[in-house]
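K.L.:
Mind having a look at this structure? Questions to follow.
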Amino acid sequence: MAYITKAQVEEFCGKYAEDSATMPDIYTEAAMEAVANYLGYDPEAADYTETVTGDGTGTLAVKAPVLELTAIDGETPGDCYTVKNYVKSMAGVFKMGKRYTVAYRGGFETVPSKIVICALQIASLFWESAGGNLAVSSTSIADTGSRVFNNFKIDRFLESINEYRCYNA
């Protein structure tokens with residue numbers, strides 16, 4: 001299930017496409033893809049299995065925030081707990097250089113509103129750029145003409161969700 005929909009994008013933009021129009025669906029998918037690429041994981045809850053390398057500490061870093069830790073090397077991780085995207089051992093260290101297979105449910109059961117709004121903003125920007133209008137705006141300045149600004153930069157929207165990135169995985 002998508003955490004933003006075509007209907008939400010239409011409402012956010014104040015534009016409504018014909019029922020048969022496919023471009024708003026593409027803008028919606030592209031926006032969610034841009035968010036996932038920026039975060040390094042899909043924000044919607046999903047099951048992950050990753051192989052990570054121990055560094056001689058009691059911590060392993062995985063790519064997504066952990067909702068539920070399922071297994072480490074096929075065993076129930078009874079002596080571990082999680083903090084954001086870290087798996088922490090209460091019973092020792094993860095051996096330096098050893099590869100561990102970590103299975104977990106990660107992402108968010110309910111995608112945070114800031115991520116939803118960011119994706120809607122990006123989908124809106126894609127929609128506004130349709131037909132070659134690359135989200136250009138202009139400002140008139142009295143007696144001196146006008147200035148044109150190209151606003152097609154999704155980075156400024158993505159920066160608003162930095163707190164949800166997992167930099168170390």
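FYI, nothing fancy with the structure tokens labels: chains A, B, ... in order, residues from 1 per chain, ligands from 1 as they appear.
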I need the residues in region 7-159 of chain A that are alpha helix (DSSP H) according to DSSP; give them as a ChimeraX atom specification.

P.N.:
/A:7-13,23-39,113-128,155-158

K.L.:
According to DSSP computed on the backbone, where in region 22-57 of chain A is there strand (DSSP E)? Give the residues as a ChimeraX atom specification.

P.N.:
/A:46-53

K.L.:
Would you output that residue set with N, CA and C atoms, as an mmCIF file, in the first residue's frame?

P.N.:
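The resulting file, part-v5.cif, is reproduced below:
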data_model
loop_
_atom_site.group_PDB
_atom_site.id
_atom_site.type_symbol
_atom_site.label_atom_id
_atom_site.label_comp_id
_atom_site.auth_asym_id
_atom_site.auth_seq_id
_atom_site.Cartn_x
_atom_site.Cartn_y
_atom_site.Cartn_z
ATOM 1 N N ALA A 46 8.175 -2.945 6.337
ATOM 2 C CA ALA A 46 8.475 -4.083 5.467
ATOM 3 C C ALA A 46 9.401 -5.030 6.209
ATOM 4 N N ASP A 47 9.474 -6.259 5.732
ATOM 5 C CA ASP A 47 10.386 -7.236 6.318
ATOM 6 C C ASP A 47 11.713 -7.175 5.584
ATOM 7 N N TYR A 48 12.798 -7.149 6.348
ATOM 8 C CA TYR A 48 14.141 -7.059 5.806
ATOM 9 C C TYR A 48 14.984 -8.222 6.311
ATOM 10 N N THR A 49 15.901 -8.663 5.488
ATOM 11 C CA THR A 49 16.965 -9.559 5.907
ATOM 12 C C THR A 49 18.248 -8.972 5.337
ATOM 13 N N GLU A 50 19.172 -8.644 6.211
ATOM 14 C CA GLU A 50 20.433 -8.018 5.805
ATOM 15 C C GLU A 50 21.605 -8.799 6.388
ATOM 16 N N THR A 51 22.696 -8.750 5.678
ATOM 17 C CA THR A 51 23.943 -9.284 6.199
ATOM 18 C C THR A 51 24.822 -8.093 6.550
ATOM 19 N N VAL A 52 25.202 -8.014 7.819
ATOM 20 C CA VAL A 52 26.042 -6.914 8.297
ATOM 21 C C VAL A 52 27.280 -7.491 8.977
ATOM 22 N N THR A 53 28.311 -6.696 9.026
ATOM 23 C CA THR A 53 29.587 -7.141 9.586
ATOM 24 C C THR A 53 29.787 -6.567 10.976
#

K.L.:
Counting only C-alpha atoms, which residue out of A:Ile161, A:Cys80, A:Cys166, A:Ile4 sits closest to Thr59 (chain A)?

P.N.:
A:Cys80

K.L.:
Provide the CA of Asn162 (chain A) to CA of Leu67 (chain A) distance in Å, to one decimal place.

P.N.:
19.1 Å

K.L.:
Would you compute the distance between CA of Asp155 (chain A) and CA of Gly14 (chain A)? Give it in Å to one decimal.

P.N.:
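Going from CA of Asp155 (chain A) over to CA of Gly14 (chain A), I get 22.7 Å.
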